[in-house]
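The next block holds one structure in the form of structure tokens; read it before the comments.
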Amino acid sequence: MKAVITVVGKDTVGILAKVSTVCSEHEANVIEVSQSVLQDMFAMIMLVELRKKNFGELSSNLEKLGEENNLKIHSMHEDIFNSMHKI
């Protein structure tokens, strides 16, 4: 299964590395990444593929990482994302 992860916050060194590390710990393969820095704000969208059925644990750990680093990290299961964007 796949998941979409979004990250928004003040730009600092290592945000991508920290998020990627949490993904790696949950065996989530990063398929695609798009990131931008707008003045001093960091924004990233990441598509990951999970090999194990541990989306809830990944999502919780990313949210915790966001709180620790003053970032807003949101994870969305592929099925929810597709349902939201169906006509």
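The way I read the labels, and the way they are meant: chains A, B, ... in the order of the structure tokens, residue 1 as the first residue of every chain, and ligand 1 as the first ligand shown, with later ones counted on from there.
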| task | Write out as a PyMOL selection string the residues lying within 9 Å of Met44 in chain A, counting only C-alpha atoms and excluding same-chain residues fewer than 5 positions away. | result | chain A and resi 5-8+16+33-37
Write out, as a compact mmCIF listing (two decimals), in the first residue's frame, the residues just selected, with N, CA, C and O atoms.
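New file again-v4.txt:
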# COMPACT_ATOMS: atom_id res chain seq x y z
N ILE A 5 2.60 11.70 2.34
CA ILE A 5 3.06 12.39 3.55
C ILE A 5 3.33 13.85 3.17
O ILE A 5 4.01 14.12 2.19
N THR A 6 2.77 14.77 3.95
CA THR A 6 3.05 16.19 3.73
C THR A 6 3.74 16.76 4.97
O THR A 6 3.44 16.36 6.09
N VAL A 7 4.68 17.66 4.73
CA VAL A 7 5.44 18.30 5.81
C VAL A 7 5.47 19.79 5.54
O VAL A 7 5.82 20.22 4.43
N VAL A 8 5.13 20.58 6.55
CA VAL A 8 5.16 22.04 6.43
C VAL A 8 5.75 22.61 7.72
O VAL A 8 5.42 22.15 8.82
N LEU A 16 14.22 16.63 5.53
CA LEU A 16 14.04 15.49 4.63
C LEU A 16 14.72 14.24 5.20
O LEU A 16 14.14 13.15 5.18
N VAL A 33 9.42 12.45 -4.20
CA VAL A 33 9.48 13.57 -3.27
C VAL A 33 9.46 14.87 -4.06
O VAL A 33 10.14 15.01 -5.07
N SER A 34 8.66 15.80 -3.57
CA SER A 34 8.66 17.16 -4.10
C SER A 34 8.79 18.09 -2.91
O SER A 34 8.03 17.97 -1.94
N GLN A 35 9.75 18.99 -2.95
CA GLN A 35 9.92 19.92 -1.84
C GLN A 35 10.23 21.31 -2.36
O GLN A 35 10.79 21.48 -3.43
N SER A 36 9.83 22.30 -1.57
CA SER A 36 10.08 23.69 -1.91
C SER A 36 10.40 24.46 -0.64
O SER A 36 9.92 24.11 0.44
N VAL A 37 11.20 25.48 -0.79
CA VAL A 37 11.44 26.42 0.29
C VAL A 37 10.92 27.77 -0.19
O VAL A 37 11.36 28.28 -1.22
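Omitting Val30 in chain A and its sequence neighbours fewer than 3 positions away, and counting only C-alpha atoms, the residues within 10 Å are A:Lys2, A:Ala3, A:Ser20, A:Cys23, A:Ser24, A:Glu27, A:Val33, A:Met46, A:Leu47, A:Val48, A:Glu49, A:Leu50.
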Identify, on the basis of only C-alpha atoms, every residue whose closest approach to Ile80 in chain A does not exceed 10 Å; exclude the query and any residue fewer than 4 positions from it along the same chain; express the result as a PDB file with N, CA and C atoms, in the first residue's frame.
ATOM      1  N   ALA A   3       1.217   5.631   0.713  1.00  0.00           N
ATOM      2  CA  ALA A   3       0.752   6.725   1.561  1.00  0.00           C
ATOM      3  C   ALA A   3       1.348   8.033   1.052  1.00  0.00           C
ATOM      4  N   VAL A   4       0.615   9.106   1.272  1.00  0.00           N
ATOM      5  CA  VAL A   4       1.070  10.447   0.944  1.00  0.00           C
ATOM      6  C   VAL A   4       1.402  11.144   2.253  1.00  0.00           C
ATOM      7  N   MET A  76      -1.461  10.343   4.882  1.00  0.00           N
ATOM      8  CA  MET A  76      -2.768   9.928   4.391  1.00  0.00           C
ATOM      9  C   MET A  76      -2.622   8.616   3.615  1.00  0.00           C
ATOM     10  N   MET A  84     -10.904  10.814  -1.832  1.00  0.00           N
ATOM     11  CA  MET A  84     -11.117  12.270  -1.769  1.00  0.00           C
ATOM     12  C   MET A  84     -11.052  12.922  -3.132  1.00  0.00           C
ATOM     13  N   HIS A  85     -10.307  12.311  -4.059  1.00  0.00           N
ATOM     14  CA  HIS A  85     -10.096  12.939  -5.353  1.00  0.00           C
ATOM     15  C   HIS A  85     -10.815  12.250  -6.503  1.00  0.00           C
TER      16      HIS A  85
END
| said: Taking the DSSP secondary structure from the backbone, can you list the residues of chain A that are alpha helix (DSSP H), as a ChimeraX atom specification? | reply: /A:15-25,55-68,78-84
Residues near Lys10 in chain A, anyone? I mean within 7 Å using only C-alpha atoms, not counting same-chain ones fewer than 3 positions away, as a PDB file with N, CA and C atoms, in the first residue's frame.
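The result, written out as part.pdb:
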ATOM      1  N   ASP A  40      11.338  31.422   4.207  1.00  0.00           N
ATOM      2  CA  ASP A  40      11.897  30.569   5.264  1.00  0.00           C
ATOM      3  C   ASP A  40      10.979  29.405   5.619  1.00  0.00           C
ATOM      4  N   MET A  41       9.990  29.131   4.764  1.00  0.00           N
ATOM      5  CA  MET A  41       9.046  28.037   5.009  1.00  0.00           C
ATOM      6  C   MET A  41       9.377  26.834   4.126  1.00  0.00           C
ATOM      7  N   PHE A  42       9.354  25.649   4.735  1.00  0.00           N
ATOM      8  CA  PHE A  42       9.637  24.401   4.049  1.00  0.00           C
ATOM      9  C   PHE A  42       8.321  23.683   3.775  1.00  0.00           C
TER      10      PHE A  42
END
Would you tabulate, counting only C-alpha atoms, all residues of range 14-33 of chain A that have an atom at most 9 Å from an atom of range 63-68 of chain A, showing the closest pair of atoms and their distance in Å to one decimal, sorted by chain then ascending number, as JSON lines?
{"residue": "A:Lys18", "atom": "CA", "partner": "A:Leu65", "partner_atom": "CA", "distance": 8.0}
{"residue": "A:Val19", "atom": "CA", "partner": "A:Leu65", "partner_atom": "CA", "distance": 7.8}
{"residue": "A:Val22", "atom": "CA", "partner": "A:Leu65", "partner_atom": "CA", "distance": 8.4}
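The residue that comes closest to Ile15 in chain A, out of A:Ala43, A:Leu58, A:Met1, A:Ile31 and on the basis of only C-alpha atoms, is A:Ala43.
Pairwise distance (CA of Asn29 in chain A, CA of Lys53 in chain A) equals 13.1 Å.
Remark: for Glu57 in chain A, the closest of the candidate residues A:Leu71, A:Ala28, A:Leu38, A:Glu78 is A:Ala28 (distances computed over only C-alpha atoms).
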| query | Where in chain A does DSSP assign strand (DSSP E), given as a VMD selection string? | reply | chain A and resid 2 to 10 28 to 38 41 to 50 71 to 77
Kindly export the residues of the current selection with C-alpha atoms, as a compact mmCIF listing (two decimals), in the first residue's frame.
# COMPACT_ATOMS: atom_id res chain seq x y z
CA LYS A 2 1.03 3.58 -0.54
CA ALA A 3 0.75 6.72 1.56
CA VAL A 4 1.07 10.45 0.94
CA ILE A 5 3.06 12.39 3.55
CA THR A 6 3.05 16.19 3.73
CA VAL A 7 5.44 18.30 5.81
CA VAL A 8 5.16 22.04 6.43
CA GLY A 9 7.17 24.26 8.77
CA LYS A 10 10.08 26.62 9.21
CA ALA A 28 8.45 2.51 3.81
CA ASN A 29 10.15 2.98 0.45
CA VAL A 30 10.23 6.59 -0.75
CA ILE A 31 8.87 6.58 -4.31
CA GLU A 32 8.68 10.29 -5.04
CA VAL A 33 9.48 13.57 -3.27
CA SER A 34 8.66 17.16 -4.10
CA GLN A 35 9.92 19.92 -1.84
CA SER A 36 10.08 23.69 -1.91
CA VAL A 37 11.44 26.42 0.29
CA LEU A 38 9.32 29.57 0.18
CA MET A 41 9.05 28.04 5.01
CA PHE A 42 9.64 24.40 4.05
CA ALA A 43 6.96 22.38 2.21
CA MET A 44 7.26 18.76 1.09
CA ILE A 45 5.02 16.09 -0.40
CA MET A 46 6.28 12.52 -0.28
CA LEU A 47 4.81 9.33 -1.76
CA VAL A 48 5.90 6.16 0.04
CA GLU A 49 5.13 2.48 -0.37
CA LEU A 50 4.78 0.37 2.76
CA LEU A 71 6.63 20.87 11.96
CA LYS A 72 3.18 19.83 10.79
CA ILE A 73 3.45 16.31 9.35
CA HIS A 74 0.33 14.66 7.96
CA SER A 75 0.08 11.14 6.55
CA MET A 76 -2.77 9.93 4.39
CA HIS A 77 -3.43 6.33 3.31
| request: Have a look at CA of Thr21 in chain A and CA of Gly56 in chain A and let me know their distance in Å, one decimal. | output: 16.6 Å
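Here CA of Lys52 in chain A is placed at a distance of 11.3 Å from CA of Glu25 in chain A.
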